[in-house]
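Q: I'd like to ask you about the structure that follows.
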Amino acid sequence: MPAEWGQAKIEILALRDEILGKLEQGILVRTIYEELSASGRITMSRRSFYDRVKRLRTEASKSTRNTSAQSTGRTSKPIQNHLTEKSKPATSNLLPSLKAEEQEELDRLWEGSSDDTEETP
């Protein structure tokens with residue numbers, strides 16, 4: 001009998017802490033699935049369980065990274081670099097394939113300055 005739509009998500013969210021705890025202990029996802037399935041605590045397929053656990057892991061790692069960054073008062077390096085390097089043109093080194101004179105022209109145009117002394121053919 002097929003489960004209700006969204007049932008897998010409900011089951012995973014209900015067992016989230018238990019699953020993450022077992023993963024931290026080093027228990028394999030397969031073993032966790034077999035235990036929960038055998039006890040009737042989950043009804044989803046193995047593939048669905050693996051997919052949901054993968055999402056849980058990424059969400060858990062994102063939340064730990066965010067809380068550690070907030071607790072130390074630090075922002076990520078790309079944001080810091082962007083904020084501290086405002087004196088550089090916005091296009092500097094964005095297109096590494098450009099030649100030096102092409103980069104200068106792009107920077108000049110990007111900054112909004114116009115050069116009326118351009119050569120006419």
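Residues in the structure tokens are numbered from 1 in each chain, the chains being A, B, ... in the order shown, and ligands are numbered from 1 in the order shown.
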If you count only C-alpha atoms, which residues fall within 12 Å of Glu4 of chain A, apart from same-chain ones fewer than 6 positions away, as a list in words?

A: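 Counting only C-alpha atoms, the residues come to Ile10, Glu11, Thr43 and Met44 of chain A.
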
Q: Neighbouring residues of Ile19 of chain A were defined as those with any atom within 12 Å, considering only C-alpha atoms; residues of the same chain fewer than 3 positions away were excluded. Please report them as an MDAnalysis selection string.

A: chainID A and resid 11:16 22:33 35:36 41:42 49:50 52:54 56:57 60

Q: Can you spit out the residues from that selection as a CSV table (one decimal), in the first residue's frame, using N, CA and C atoms?

A:
chain,number,residue,atom,x,y,z
A,11,GLU,N,8.2,11.4,8.6
A,11,GLU,CA,8.9,10.4,9.3
A,11,GLU,C,10.4,10.8,9.6
A,12,ILE,N,11.0,11.4,8.6
A,12,ILE,CA,12.4,11.9,8.8
A,12,ILE,C,12.5,13.0,9.8
A,13,LEU,N,11.6,14.0,9.7
A,13,LEU,CA,11.6,15.1,10.6
A,13,LEU,C,11.4,14.6,12.0
A,14,ALA,N,10.5,13.6,12.2
A,14,ALA,CA,10.2,13.1,13.5
A,14,ALA,C,11.4,12.4,14.1
A,15,LEU,N,12.2,11.8,13.3
A,15,LEU,CA,13.4,11.0,13.8
A,15,LEU,C,14.7,11.7,13.5
A,16,ARG,N,14.6,12.9,13.2
A,16,ARG,CA,15.8,13.7,12.8
A,16,ARG,C,17.0,13.6,13.8
A,22,LYS,N,22.9,8.9,15.5
A,22,LYS,CA,23.5,7.7,15.1
A,22,LYS,C,24.6,7.9,14.0
A,23,LEU,N,24.4,8.8,13.2
A,23,LEU,CA,25.4,9.1,12.2
A,23,LEU,C,26.6,9.6,12.8
A,24,GLU,N,26.5,10.5,13.8
A,24,GLU,CA,27.7,11.0,14.6
A,24,GLU,C,28.4,9.9,15.3
A,25,GLN,N,27.7,8.9,15.7
A,25,GLN,CA,28.3,7.7,16.4
A,25,GLN,C,29.0,6.8,15.4
A,26,GLY,N,28.8,7.1,14.1
A,26,GLY,CA,29.5,6.3,13.0
A,26,GLY,C,28.7,5.1,12.5
A,27,ILE,N,27.4,5.1,12.8
A,27,ILE,CA,26.6,4.0,12.3
A,27,ILE,C,26.2,4.3,10.9
A,28,LEU,N,26.3,3.3,10.0
A,28,LEU,CA,26.0,3.4,8.6
A,28,LEU,C,24.5,3.8,8.4
A,29,VAL,N,24.3,4.5,7.3
A,29,VAL,CA,22.9,4.9,6.9
A,29,VAL,C,22.1,3.6,6.6
A,30,ARG,N,22.7,2.6,6.0
A,30,ARG,CA,22.0,1.4,5.7
A,30,ARG,C,21.6,0.7,7.0
A,31,THR,N,22.4,0.7,8.0
A,31,THR,CA,22.1,0.0,9.3
A,31,THR,C,20.9,0.8,10.0
A,32,ILE,N,21.0,2.1,9.9
A,32,ILE,CA,19.9,2.9,10.5
A,32,ILE,C,18.6,2.6,9.8
A,33,TYR,N,18.6,2.6,8.5
A,33,TYR,CA,17.4,2.3,7.7
A,33,TYR,C,16.9,0.9,8.1
A,35,GLU,N,17.2,-0.9,10.8
A,35,GLU,CA,16.7,-0.9,12.2
A,35,GLU,C,15.3,-0.2,12.2
A,36,LEU,N,15.2,1.0,11.6
A,36,LEU,CA,14.0,1.8,11.7
A,36,LEU,C,12.9,1.1,10.9
A,41,ARG,N,9.1,2.0,12.3
A,41,ARG,CA,9.1,3.4,12.6
A,41,ARG,C,9.1,4.2,11.3
A,42,ILE,N,9.6,3.6,10.2
A,42,ILE,CA,9.5,4.3,8.9
A,42,ILE,C,8.9,3.4,7.9
A,49,PHE,N,14.8,7.1,1.8
A,49,PHE,CA,15.5,7.3,3.1
A,49,PHE,C,16.9,7.9,2.9
A,50,TYR,N,17.7,7.3,1.9
A,50,TYR,CA,19.0,7.8,1.6
A,50,TYR,C,19.0,9.2,1.2
A,52,ARG,N,16.7,11.5,1.8
A,52,ARG,CA,16.3,12.4,2.9
A,52,ARG,C,17.4,12.6,3.9
A,53,VAL,N,18.2,11.5,4.2
A,53,VAL,CA,19.3,11.6,5.1
A,53,VAL,C,20.4,12.5,4.5
A,54,LYS,N,20.6,12.4,3.2
A,54,LYS,CA,21.6,13.3,2.6
A,54,LYS,C,21.2,14.7,2.8
A,56,LEU,N,19.3,15.9,5.2
A,56,LEU,CA,19.5,16.2,6.6
A,56,LEU,C,20.9,16.6,6.9
A,57,ARG,N,21.9,15.8,6.4
A,57,ARG,CA,23.3,16.0,6.6
A,57,ARG,C,23.7,17.4,6.1
A,60,ALA,N,22.2,20.1,8.4
A,60,ALA,CA,22.9,20.1,9.7
A,60,ALA,C,24.2,20.7,9.5
